[in-house]
Amino acid sequence: MKVAITSTGNSLESTLDSRFGRCSYFVIYDTKTQATEFIPNPNLESVEGAGPASVNLIASRGVKKVVSGEFGTKVKSIFDSLQIQLVVVNDPKKTIAEIIELLEKGKEE
Amino acid sequence: MLITMPRPKRIRKMTNPPHFRGYKPIGLSEESTPVILNYEEYEAIRLSDFELYGQVEAAQIMDVSRPTYARIYESARRKVAQAFVLGKVIVFEGGKVYFDSEWYYCHFCGCYFNHPAKDTEVNACALCGSKNIEQNSDSPEQANTEDICTCPKCGKEKEHTSGIPCQKEICPECKCQMVRKGAPHHHRMRNNNCQ
């Protein structure tokens, strides 16, 4: 299963980006192969509609779960209809590596 | 000839659809025609007879009027009674409903998550897999109740006019596009019109 995580930078040491639509990078993590891919967010500077555009980008990668700090009002209903699960982590200091560790732990249980 | 059209049915809100498909009577050899219990009827029985809400509260939860709720509940009870007496299969199907996915909170890693796949049960945290979770009635983002447009640069406020997006409002002093006060990203919004 693929999981998207919003990141402030392009390394595993970067912290979680608390925004969804205007995060700096999306990390696509594959729990099966343990591969990570960093995608720079093209919607970073948009004034309007960054959330839905980011949803499209993520959904086209076949992601089933999204981890971020917060989600705007427009995106929740889109994610619901696409059957993509949302996870809100209220800790901006968490690094991408720590979140991947939690996901791996969750997979074992 | 007078032609009348019924009013369209209001869409009913479902928060907890069943995670199984129906019921079968024990000890009957021949299959009879099943009773179709709509999702909204299932929800009405759940709210009234399981959660023990009054009709007024239950109607508010399903986002319909009190008389409409009474009709849904009446129909649900008749269908269940019919299935009981005649030994019919009950199948949960159809109905004019929409699903609102609920938020859950994990006590282990402190995250919130929702559960869009409504037909399976939630038993573990989506992130860390912990079983120590609870259903959370509020969305993790606080609902924005004030209707005020604000300038991201100087903080000038203006009452929001319904129907006009805050971005179409221009701050008279710094010519910035305004944003909704308390919007999740309002302090981070940038725009090219700022001087």
# chains A, B, ... in the order shown; residues from 1 in each chain; ligands from 1

call {"tool": "closest_atom_pairs", "arguments": {"of": "chain A", "to": "chain B", "cutoff": "10 Å", "atoms": "only C-alpha atoms", "output": "CSV"}}
result
residue,atom,partner,partner_atom,distance
A:Ser18,CA,B:His185,CA,9.7
A:Arg19,CA,B:His185,CA,7.5
A:Phe20,CA,B:His185,CA,9.8
A:Gly21,CA,B:His185,CA,9.6
A:Arg22,CA,B:His185,CA,8.9
A:Glu45,CA,B:Arg190,CA,7.5
A:Ser46,CA,B:Arg190,CA,8.6
A:Val47,CA,B:Asn191,CA,6.6
A:Glu48,CA,B:Gln167,CA,8.7
A:Lys65,CA,B:Ala126,CA,8.4
A:Val66,CA,B:Phe113,CA,9.5
A:Val67,CA,B:Leu127,CA,8.4
A:Ser68,CA,B:Cys111,CA,9.9
A:Gly69,CA,B:Cys111,CA,9.3
A:Glu70,CA,B:Glu141,CA,7.1
A:Phe71,CA,B:Glu141,CA,7.9
A:Gly72,CA,B:Pro184,CA,6.6
A:Thr73,CA,B:Pro184,CA,8.7
A:Lys76,CA,B:Ser101,CA,9.2
A:Ser77,CA,B:Asp100,CA,8.6
A:Phe79,CA,B:Pro116,CA,8.1
A:Asp80,CA,B:Pro116,CA,5.4
A:Ser81,CA,B:Pro116,CA,7.9
A:Leu82,CA,B:Pro116,CA,8.4
A:Gln83,CA,B:Pro116,CA,5.2
A:Ile84,CA,B:Pro116,CA,6.6
A:Gln85,CA,B:His115,CA,5.9
A:Leu86,CA,B:Phe113,CA,5.5
A:Val87,CA,B:Phe113,CA,4.2
A:Val88,CA,B:Tyr112,CA,4.8
A:Val89,CA,B:Cys111,CA,4.6
A:Asn90,CA,B:Cys111,CA,6.6
A:Asp91,CA,B:Cys111,CA,8.7
A:Ile99,CA,B:Leu127,CA,7.9
A:Ile100,CA,B:Leu127,CA,8.9
A:Glu101,CA,B:Cys128,CA,8.5
A:Leu102,CA,B:Cys128,CA,4.8
A:Leu103,CA,B:Leu127,CA,5.3
A:Glu104,CA,B:Cys128,CA,7.6
A:Lys105,CA,B:Cys128,CA,5.8
A:Gly106,CA,B:Gly129,CA,3.7
A:Lys107,CA,B:Gly129,CA,6.8
A:Glu108,CA,B:Gly129,CA,8.0
A:Glu109,CA,B:Gly129,CA,6.0

call {"tool": "write_last_selection", "arguments": {"atoms": "N, CA and C atoms", "output": "tab-separated table (two decimals), in the first residue's frame"}}
result
chain	number	residue	atom	x	y	z
A	18	SER	N	3.00	20.91	8.05
A	18	SER	CA	1.68	20.93	8.69
A	18	SER	C	0.57	21.29	7.72
A	19	ARG	N	0.92	21.72	6.50
A	19	ARG	CA	-0.13	22.03	5.52
A	19	ARG	C	-0.23	20.87	4.54
A	20	PHE	N	-1.41	20.67	3.99
A	20	PHE	CA	-1.52	19.62	2.96
A	20	PHE	C	-1.34	20.20	1.56
A	21	GLY	N	-2.20	21.13	1.17
A	21	GLY	CA	-2.19	21.61	-0.22
A	21	GLY	C	-0.93	22.37	-0.60
A	22	ARG	N	-0.33	23.09	0.35
A	22	ARG	CA	0.84	23.90	0.04
A	22	ARG	C	2.09	23.40	0.76
A	45	GLU	N	2.73	27.68	-4.68
A	45	GLU	CA	2.51	29.12	-4.76
A	45	GLU	C	1.08	29.49	-5.19
A	46	SER	N	0.21	28.49	-5.42
A	46	SER	CA	-1.12	28.87	-5.93
A	46	SER	C	-1.90	29.63	-4.88
A	47	VAL	N	-2.71	30.57	-5.35
A	47	VAL	CA	-3.53	31.38	-4.46
A	47	VAL	C	-4.79	30.60	-4.10
A	48	GLU	N	-5.32	29.86	-5.07
A	48	GLU	CA	-6.60	29.18	-4.86
A	48	GLU	C	-6.51	27.76	-5.41
A	65	LYS	N	-3.49	6.29	1.66
A	65	LYS	CA	-3.48	6.92	2.97
A	65	LYS	C	-2.65	8.19	2.87
A	66	VAL	N	-3.05	9.26	3.53
A	66	VAL	CA	-2.31	10.52	3.49
A	66	VAL	C	-2.04	11.00	4.91
A	67	VAL	N	-0.80	11.32	5.21
A	67	VAL	CA	-0.43	11.82	6.53
A	67	VAL	C	-0.03	13.28	6.40
A	68	SER	N	-0.67	14.16	7.18
A	68	SER	CA	-0.32	15.57	7.14
A	68	SER	C	-0.69	16.21	8.47
A	69	GLY	N	-0.38	17.52	8.60
A	69	GLY	CA	-0.69	18.21	9.84
A	69	GLY	C	-2.12	18.71	9.87
A	70	GLU	N	-2.62	19.14	8.72
A	70	GLU	CA	-4.01	19.57	8.66
A	70	GLU	C	-4.50	19.49	7.22
A	71	PHE	N	-5.81	19.38	7.06
A	71	PHE	CA	-6.40	19.34	5.73
A	71	PHE	C	-7.41	20.46	5.63
A	72	GLY	N	-7.43	21.15	4.49
A	72	GLY	CA	-8.37	22.26	4.31
A	72	GLY	C	-9.79	21.76	4.17
A	73	THR	N	-10.72	22.70	4.11
A	73	THR	CA	-12.13	22.32	4.09
A	73	THR	C	-12.55	21.65	2.79
A	76	LYS	N	-11.50	17.23	2.24
A	76	LYS	CA	-11.95	16.03	2.95
A	76	LYS	C	-13.01	15.26	2.16
A	77	SER	N	-13.98	16.00	1.58
A	77	SER	CA	-15.03	15.30	0.84
A	77	SER	C	-14.47	14.61	-0.40
A	79	PHE	N	-11.38	13.36	-0.71
A	79	PHE	CA	-10.70	12.15	-0.24
A	79	PHE	C	-11.71	11.07	0.14
A	80	ASP	N	-12.83	11.47	0.78
A	80	ASP	CA	-13.85	10.50	1.16
A	80	ASP	C	-14.38	9.76	-0.06
A	81	SER	N	-14.65	10.52	-1.14
A	81	SER	CA	-15.23	9.88	-2.32
A	81	SER	C	-14.19	9.01	-3.03
A	82	LEU	N	-12.89	9.32	-2.86
A	82	LEU	CA	-11.85	8.49	-3.47
A	82	LEU	C	-11.43	7.34	-2.57
A	83	GLN	N	-12.07	7.24	-1.38
A	83	GLN	CA	-11.76	6.19	-0.41
A	83	GLN	C	-10.29	6.23	-0.01
A	84	ILE	N	-9.78	7.45	0.19
A	84	ILE	CA	-8.41	7.60	0.68
A	84	ILE	C	-8.49	8.03	2.14
A	85	GLN	N	-7.71	7.36	2.98
A	85	GLN	CA	-7.77	7.63	4.41
A	85	GLN	C	-6.88	8.81	4.78
A	86	LEU	N	-7.36	9.65	5.69
A	86	LEU	CA	-6.60	10.81	6.14
A	86	LEU	C	-6.07	10.56	7.56
A	87	VAL	N	-4.83	10.96	7.79
A	87	VAL	CA	-4.26	10.88	9.13
A	87	VAL	C	-3.72	12.26	9.47
A	88	VAL	N	-4.18	12.82	10.60
A	88	VAL	CA	-3.74	14.15	11.02
A	88	VAL	C	-2.79	13.99	12.20
A	89	VAL	N	-1.56	14.45	12.06
A	89	VAL	CA	-0.58	14.37	13.14
A	89	VAL	C	-0.30	15.78	13.62
A	90	ASN	N	-0.65	16.07	14.88
A	90	ASN	CA	-0.50	17.43	15.40
A	90	ASN	C	0.87	17.65	16.02
A	91	ASP	N	1.92	17.27	15.32
A	91	ASP	CA	3.26	17.42	15.87
A	91	ASP	C	4.21	17.81	14.74
A	99	ILE	N	7.78	8.94	11.09
A	99	ILE	CA	6.45	8.55	10.64
A	99	ILE	C	6.50	7.21	9.92
A	100	ILE	N	7.55	7.02	9.12
A	100	ILE	CA	7.70	5.74	8.42
A	100	ILE	C	7.89	4.61	9.44
A	101	GLU	N	8.63	4.91	10.50
A	101	GLU	CA	8.81	3.93	11.57
A	101	GLU	C	7.47	3.52	12.18
A	102	LEU	N	6.61	4.54	12.46
A	102	LEU	CA	5.28	4.26	13.01
A	102	LEU	C	4.45	3.42	12.04
A	103	LEU	N	4.55	3.74	10.75
A	103	LEU	CA	3.78	2.99	9.75
A	103	LEU	C	4.24	1.53	9.72
A	104	GLU	N	5.55	1.33	9.83
A	104	GLU	CA	6.09	-0.03	9.82
A	104	GLU	C	5.61	-0.81	11.04
A	105	LYS	N	5.56	-0.10	12.19
A	105	LYS	CA	5.09	-0.71	13.43
A	105	LYS	C	3.61	-1.10	13.27
A	106	GLY	N	2.83	-0.20	12.68
A	106	GLY	CA	1.40	-0.46	12.46
A	106	GLY	C	1.16	-1.64	11.55
A	107	LYS	N	2.09	-1.83	10.59
A	107	LYS	CA	1.94	-2.92	9.63
A	107	LYS	C	2.12	-4.28	10.32
A	108	GLU	N	3.04	-4.31	11.30
A	108	GLU	CA	3.31	-5.58	11.98
A	108	GLU	C	2.15	-6.04	12.84
A	109	GLU	N	1.45	-5.06	13.45
A	109	GLU	CA	0.42	-5.45	14.41
A	109	GLU	C	-0.86	-5.93	13.75

call {"tool": "closest_residue", "arguments": {"among": "A:Ala4, A:Leu44, A:Leu57, A:Val63", "to": "A:Val27", "atoms": "only C-alpha atoms"}}
result
A:Ala4

call {"tool": "atom_distance", "arguments": {"atom1": "atom CA of B:Lys96", "atom2": "atom CA of B:Leu52"}}
result
22.9 Å

call {"tool": "atom_distance", "arguments": {"atom1": "atom CA of B:Cys174", "atom2": "atom CA of B:Asp147"}}
result
21.1 Å

call {"tool": "select_by_dssp", "arguments": {"residues": "stretch 16-193 of chain B", "states": "strand (DSSP E or B)", "output": "number ranges by chain"}}
result
B: 22-23, 35-37, 90-92, 97-99, 103-106, 111-114, 133-136, 148-150, 157-159, 170, 177, 179-180

call {"tool": "write_last_selection", "arguments": {"atoms": "C-alpha atoms", "output": "CSV table (one decimal), in the first residue's frame"}}
result
chain,number,residue,atom,x,y,z
B,22,GLY,CA,-28.3,-8.4,6.5
B,23,TYR,CA,-30.0,-11.2,8.5
B,35,VAL,CA,-37.2,-7.6,2.9
B,36,ILE,CA,-35.1,-4.7,1.7
B,37,LEU,CA,-34.3,-2.4,4.7
B,90,ILE,CA,-33.5,-8.8,5.8
B,91,VAL,CA,-31.0,-7.2,3.4
B,92,PHE,CA,-29.6,-3.7,4.0
B,97,VAL,CA,-28.3,8.6,2.1
B,98,TYR,CA,-24.8,10.1,2.1
B,99,PHE,CA,-22.0,9.0,4.3
B,103,TRP,CA,-12.8,11.0,12.9
B,104,TYR,CA,-10.9,8.8,15.3
B,105,TYR,CA,-8.2,9.6,17.8
B,106,CYS,CA,-5.3,7.4,18.7
B,111,CYS,CA,-2.9,11.3,15.7
B,112,TYR,CA,-6.4,11.8,14.3
B,113,PHE,CA,-7.6,9.7,11.4
B,114,ASN,CA,-10.8,9.0,9.5
B,133,ILE,CA,-8.4,4.4,19.8
B,134,GLU,CA,-11.6,6.2,20.3
B,135,GLN,CA,-14.2,7.9,18.1
B,136,ASN,CA,-13.9,11.6,18.1
B,148,ILE,CA,-14.6,38.1,8.8
B,149,CYS,CA,-12.3,38.9,5.9
B,150,THR,CA,-8.8,39.9,7.0
B,157,GLU,CA,-10.7,43.3,9.1
B,158,LYS,CA,-13.9,43.6,7.2
B,159,GLU,CA,-17.2,41.8,7.6
B,170,ILE,CA,-9.0,44.0,-1.7
B,177,GLN,CA,-6.2,40.1,-1.6
B,179,VAL,CA,-8.5,36.0,3.2
B,180,ARG,CA,-11.0,34.5,5.6

call {"tool": "atom_distance", "arguments": {"atom1": "atom CA of B:Gly163", "atom2": "atom CA of B:Met178"}}
result
14.6 Å

call {"tool": "select_by_dssp", "arguments": {"residues": "chain B", "states": "helix (DSSP H, G or I)", "output": "PDB file with N, CA and C atoms, in the first residue's frame"}}
result
ATOM      1  N   TYR B  39     -30.802   1.870   4.077  1.00  0.00           N
ATOM      2  CA  TYR B  39     -29.809   2.318   5.052  1.00  0.00           C
ATOM      3  C   TYR B  39     -30.392   3.339   6.024  1.00  0.00           C
ATOM      4  N   GLU B  40     -31.249   4.218   5.511  1.00  0.00           N
ATOM      5  CA  GLU B  40     -31.795   5.234   6.412  1.00  0.00           C
ATOM      6  C   GLU B  40     -32.711   4.599   7.458  1.00  0.00           C
ATOM      7  N   GLU B  41     -33.380   3.472   7.083  1.00  0.00           N
ATOM      8  CA  GLU B  41     -34.241   2.789   8.046  1.00  0.00           C
ATOM      9  C   GLU B  41     -33.412   2.072   9.108  1.00  0.00           C
ATOM     10  N   TYR B  42     -32.304   1.490   8.652  1.00  0.00           N
ATOM     11  CA  TYR B  42     -31.373   0.884   9.611  1.00  0.00           C
ATOM     12  C   TYR B  42     -30.896   1.947  10.591  1.00  0.00           C
ATOM     13  N   GLU B  43     -30.517   3.119  10.039  1.00  0.00           N
ATOM     14  CA  GLU B  43     -29.996   4.206  10.877  1.00  0.00           C
ATOM     15  C   GLU B  43     -31.059   4.674  11.876  1.00  0.00           C
ATOM     16  N   ALA B  44     -32.330   4.705  11.434  1.00  0.00           N
ATOM     17  CA  ALA B  44     -33.409   5.145  12.330  1.00  0.00           C
ATOM     18  C   ALA B  44     -33.571   4.176  13.495  1.00  0.00           C
ATOM     19  N   ILE B  45     -33.502   2.861  13.217  1.00  0.00           N
ATOM     20  CA  ILE B  45     -33.624   1.883  14.299  1.00  0.00           C
ATOM     21  C   ILE B  45     -32.428   1.997  15.233  1.00  0.00           C
ATOM     22  N   ARG B  46     -31.253   2.213  14.636  1.00  0.00           N
ATOM     23  CA  ARG B  46     -30.049   2.347  15.463  1.00  0.00           C
ATOM     24  C   ARG B  46     -30.166   3.566  16.387  1.00  0.00           C
ATOM     25  N   LEU B  47     -30.604   4.689  15.839  1.00  0.00           N
ATOM     26  CA  LEU B  47     -30.673   5.912  16.641  1.00  0.00           C
ATOM     27  C   LEU B  47     -31.751   5.822  17.715  1.00  0.00           C
ATOM     28  N   SER B  48     -32.945   5.320  17.341  1.00  0.00           N
ATOM     29  CA  SER B  48     -34.056   5.323  18.292  1.00  0.00           C
ATOM     30  C   SER B  48     -33.961   4.193  19.315  1.00  0.00           C
ATOM     31  N   ASP B  49     -33.650   2.982  18.860  1.00  0.00           N
ATOM     32  CA  ASP B  49     -33.775   1.829  19.748  1.00  0.00           C
ATOM     33  C   ASP B  49     -32.453   1.335  20.298  1.00  0.00           C
ATOM     34  N   PHE B  50     -31.340   1.754  19.697  1.00  0.00           N
ATOM     35  CA  PHE B  50     -30.051   1.335  20.236  1.00  0.00           C
ATOM     36  C   PHE B  50     -29.384   2.477  20.992  1.00  0.00           C
ATOM     37  N   GLN B  55     -36.976  11.427  19.129  1.00  0.00           N
ATOM     38  CA  GLN B  55     -37.157  11.626  17.688  1.00  0.00           C
ATOM     39  C   GLN B  55     -36.613  12.964  17.210  1.00  0.00           C
ATOM     40  N   VAL B  56     -36.707  13.986  18.055  1.00  0.00           N
ATOM     41  CA  VAL B  56     -36.244  15.304  17.635  1.00  0.00           C
ATOM     42  C   VAL B  56     -34.730  15.289  17.440  1.00  0.00           C
ATOM     43  N   GLU B  57     -34.024  14.691  18.417  1.00  0.00           N
ATOM     44  CA  GLU B  57     -32.562  14.633  18.308  1.00  0.00           C
ATOM     45  C   GLU B  57     -32.131  13.752  17.142  1.00  0.00           C
ATOM     46  N   ALA B  58     -32.800  12.583  17.020  1.00  0.00           N
ATOM     47  CA  ALA B  58     -32.429  11.652  15.950  1.00  0.00           C
ATOM     48  C   ALA B  58     -32.643  12.299  14.590  1.00  0.00           C
ATOM     49  N   ALA B  59     -33.728  13.077  14.452  1.00  0.00           N
ATOM     50  CA  ALA B  59     -33.996  13.748  13.179  1.00  0.00           C
ATOM     51  C   ALA B  59     -32.889  14.743  12.866  1.00  0.00           C
ATOM     52  N   GLN B  60     -32.397  15.440  13.902  1.00  0.00           N
ATOM     53  CA  GLN B  60     -31.310  16.397  13.674  1.00  0.00           C
ATOM     54  C   GLN B  60     -30.043  15.675  13.251  1.00  0.00           C
ATOM     55  N   ILE B  61     -29.779  14.517  13.845  1.00  0.00           N
ATOM     56  CA  ILE B  61     -28.573  13.764  13.492  1.00  0.00           C
ATOM     57  C   ILE B  61     -28.639  13.328  12.036  1.00  0.00           C
ATOM     58  N   MET B  62     -29.818  12.908  11.582  1.00  0.00           N
ATOM     59  CA  MET B  62     -29.944  12.465  10.195  1.00  0.00           C
ATOM     60  C   MET B  62     -30.197  13.616   9.240  1.00  0.00           C
ATOM     61  N   ARG B  66     -38.511  16.288  11.762  1.00  0.00           N
ATOM     62  CA  ARG B  66     -39.017  15.320  12.732  1.00  0.00           C
ATOM     63  C   ARG B  66     -40.103  14.429  12.120  1.00  0.00           C
ATOM     64  N   PRO B  67     -41.109  14.984  11.393  1.00  0.00           N
ATOM     65  CA  PRO B  67     -42.113  14.103  10.780  1.00  0.00           C
ATOM     66  C   PRO B  67     -41.516  13.121   9.772  1.00  0.00           C
ATOM     67  N   THR B  68     -40.527  13.568   9.001  1.00  0.00           N
ATOM     68  CA  THR B  68     -39.884  12.660   8.042  1.00  0.00           C
ATOM     69  C   THR B  68     -39.199  11.523   8.781  1.00  0.00           C
ATOM     70  N   TYR B  69     -38.526  11.884   9.868  1.00  0.00           N
ATOM     71  CA  TYR B  69     -37.856  10.851  10.660  1.00  0.00           C
ATOM     72  C   TYR B  69     -38.871   9.830  11.156  1.00  0.00           C
ATOM     73  N   ALA B  70     -40.029  10.310  11.628  1.00  0.00           N
ATOM     74  CA  ALA B  70     -41.065   9.409  12.136  1.00  0.00           C
ATOM     75  C   ALA B  70     -41.530   8.447  11.041  1.00  0.00           C
ATOM     76  N   ARG B  71     -41.643   8.961   9.821  1.00  0.00           N
ATOM     77  CA  ARG B  71     -42.063   8.088   8.712  1.00  0.00           C
ATOM     78  C   ARG B  71     -41.009   7.030   8.406  1.00  0.00           C
ATOM     79  N   ILE B  72     -39.742   7.439   8.410  1.00  0.00           N
ATOM     80  CA  ILE B  72     -38.668   6.477   8.138  1.00  0.00           C
ATOM     81  C   ILE B  72     -38.665   5.384   9.205  1.00  0.00           C
ATOM     82  N   TYR B  73     -38.819   5.797  10.475  1.00  0.00           N
ATOM     83  CA  TYR B  73     -38.759   4.863  11.584  1.00  0.00           C
ATOM     84  C   TYR B  73     -39.943   3.895  11.547  1.00  0.00           C
ATOM     85  N   GLU B  74     -41.124   4.443  11.234  1.00  0.00           N
ATOM     86  CA  GLU B  74     -42.348   3.637  11.118  1.00  0.00           C
ATOM     87  C   GLU B  74     -42.156   2.545  10.062  1.00  0.00           C
ATOM     88  N   SER B  75     -41.685   2.957   8.912  1.00  0.00           N
ATOM     89  CA  SER B  75     -41.468   2.016   7.815  1.00  0.00           C
ATOM     90  C   SER B  75     -40.434   0.958   8.206  1.00  0.00           C
ATOM     91  N   ALA B  76     -39.384   1.390   8.924  1.00  0.00           N
ATOM     92  CA  ALA B  76     -38.342   0.451   9.347  1.00  0.00           C
ATOM     93  C   ALA B  76     -38.927  -0.608  10.276  1.00  0.00           C
ATOM     94  N   ARG B  77     -39.754  -0.173  11.250  1.00  0.00           N
ATOM     95  CA  ARG B  77     -40.309  -1.120  12.209  1.00  0.00           C
ATOM     96  C   ARG B  77     -41.253  -2.101  11.534  1.00  0.00           C
ATOM     97  N   ARG B  78     -42.027  -1.608  10.561  1.00  0.00           N
ATOM     98  CA  ARG B  78     -42.947  -2.515   9.857  1.00  0.00           C
ATOM     99  C   ARG B  78     -42.184  -3.563   9.070  1.00  0.00           C
ATOM    100  N   LYS B  79     -41.089  -3.143   8.449  1.00  0.00           N
ATOM    101  CA  LYS B  79     -40.303  -4.109   7.664  1.00  0.00           C
ATOM    102  C   LYS B  79     -39.677  -5.164   8.566  1.00  0.00           C
ATOM    103  N   VAL B  80     -39.144  -4.726   9.701  1.00  0.00           N
ATOM    104  CA  VAL B  80     -38.523  -5.670  10.626  1.00  0.00           C
ATOM    105  C   VAL B  80     -39.580  -6.644  11.146  1.00  0.00           C
ATOM    106  N   ALA B  81     -40.776  -6.133  11.495  1.00  0.00           N
ATOM    107  CA  ALA B  81     -41.849  -6.993  12.000  1.00  0.00           C
ATOM    108  C   ALA B  81     -42.273  -8.007  10.936  1.00  0.00           C
ATOM    109  N   GLN B  82     -42.347  -7.541   9.694  1.00  0.00           N
ATOM    110  CA  GLN B  82     -42.732  -8.432   8.594  1.00  0.00           C
ATOM    111  C   GLN B  82     -41.723  -9.575   8.460  1.00  0.00           C
ATOM    112  N   ALA B  83     -40.437  -9.223   8.531  1.00  0.00           N
ATOM    113  CA  ALA B  83     -39.398 -10.241   8.403  1.00  0.00           C
ATOM    114  C   ALA B  83     -39.459 -11.219   9.570  1.00  0.00           C
ATOM    115  N   PHE B  84     -39.723 -10.718  10.770  1.00  0.00           N
ATOM    116  CA  PHE B  84     -39.786 -11.569  11.957  1.00  0.00           C
ATOM    117  C   PHE B  84     -40.936 -12.551  11.857  1.00  0.00           C
ATOM    118  N   VAL B  85     -42.120 -12.037  11.521  1.00  0.00           N
ATOM    119  CA  VAL B  85     -43.320 -12.877  11.546  1.00  0.00           C
ATOM    120  C   VAL B  85     -43.308 -13.884  10.398  1.00  0.00           C
ATOM    121  N   LEU B  86     -42.917 -13.436   9.229  1.00  0.00           N
ATOM    122  CA  LEU B  86     -42.976 -14.317   8.065  1.00  0.00           C
ATOM    123  C   LEU B  86     -41.672 -15.065   7.822  1.00  0.00           C
ATOM    124  N   CYS B 166     -13.526  35.785  -0.067  1.00  0.00           N
ATOM    125  CA  CYS B 166     -12.677  36.778   0.591  1.00  0.00           C
ATOM    126  C   CYS B 166     -11.535  37.209  -0.324  1.00  0.00           C
ATOM    127  N   GLN B 167     -11.118  36.306  -1.225  1.00  0.00           N
ATOM    128  CA  GLN B 167     -10.005  36.641  -2.110  1.00  0.00           C
ATOM    129  C   GLN B 167     -10.353  37.742  -3.103  1.00  0.00           C
ATOM    130  N   LYS B 168     -11.660  37.959  -3.311  1.00  0.00           N
ATOM    131  CA  LYS B 168     -12.071  39.016  -4.230  1.00  0.00           C
ATOM    132  C   LYS B 168     -12.091  40.375  -3.536  1.00  0.00           C
ATOM    133  N   HIS B 186      -4.291  30.965   6.644  1.00  0.00           N
ATOM    134  CA  HIS B 186      -4.396  32.363   6.240  1.00  0.00           C
ATOM    135  C   HIS B 186      -3.121  33.152   6.471  1.00  0.00           C
ATOM    136  N   HIS B 187      -2.363  32.785   7.502  1.00  0.00           N
ATOM    137  CA  HIS B 187      -1.157  33.561   7.770  1.00  0.00           C
ATOM    138  C   HIS B 187      -0.035  33.196   6.801  1.00  0.00           C
ATOM    139  N   ARG B 188      -0.219  32.142   6.024  1.00  0.00           N
ATOM    140  CA  ARG B 188       0.851  31.740   5.124  1.00  0.00           C
ATOM    141  C   ARG B 188       0.552  32.086   3.672  1.00  0.00           C
TER     142      ARG B 188
END
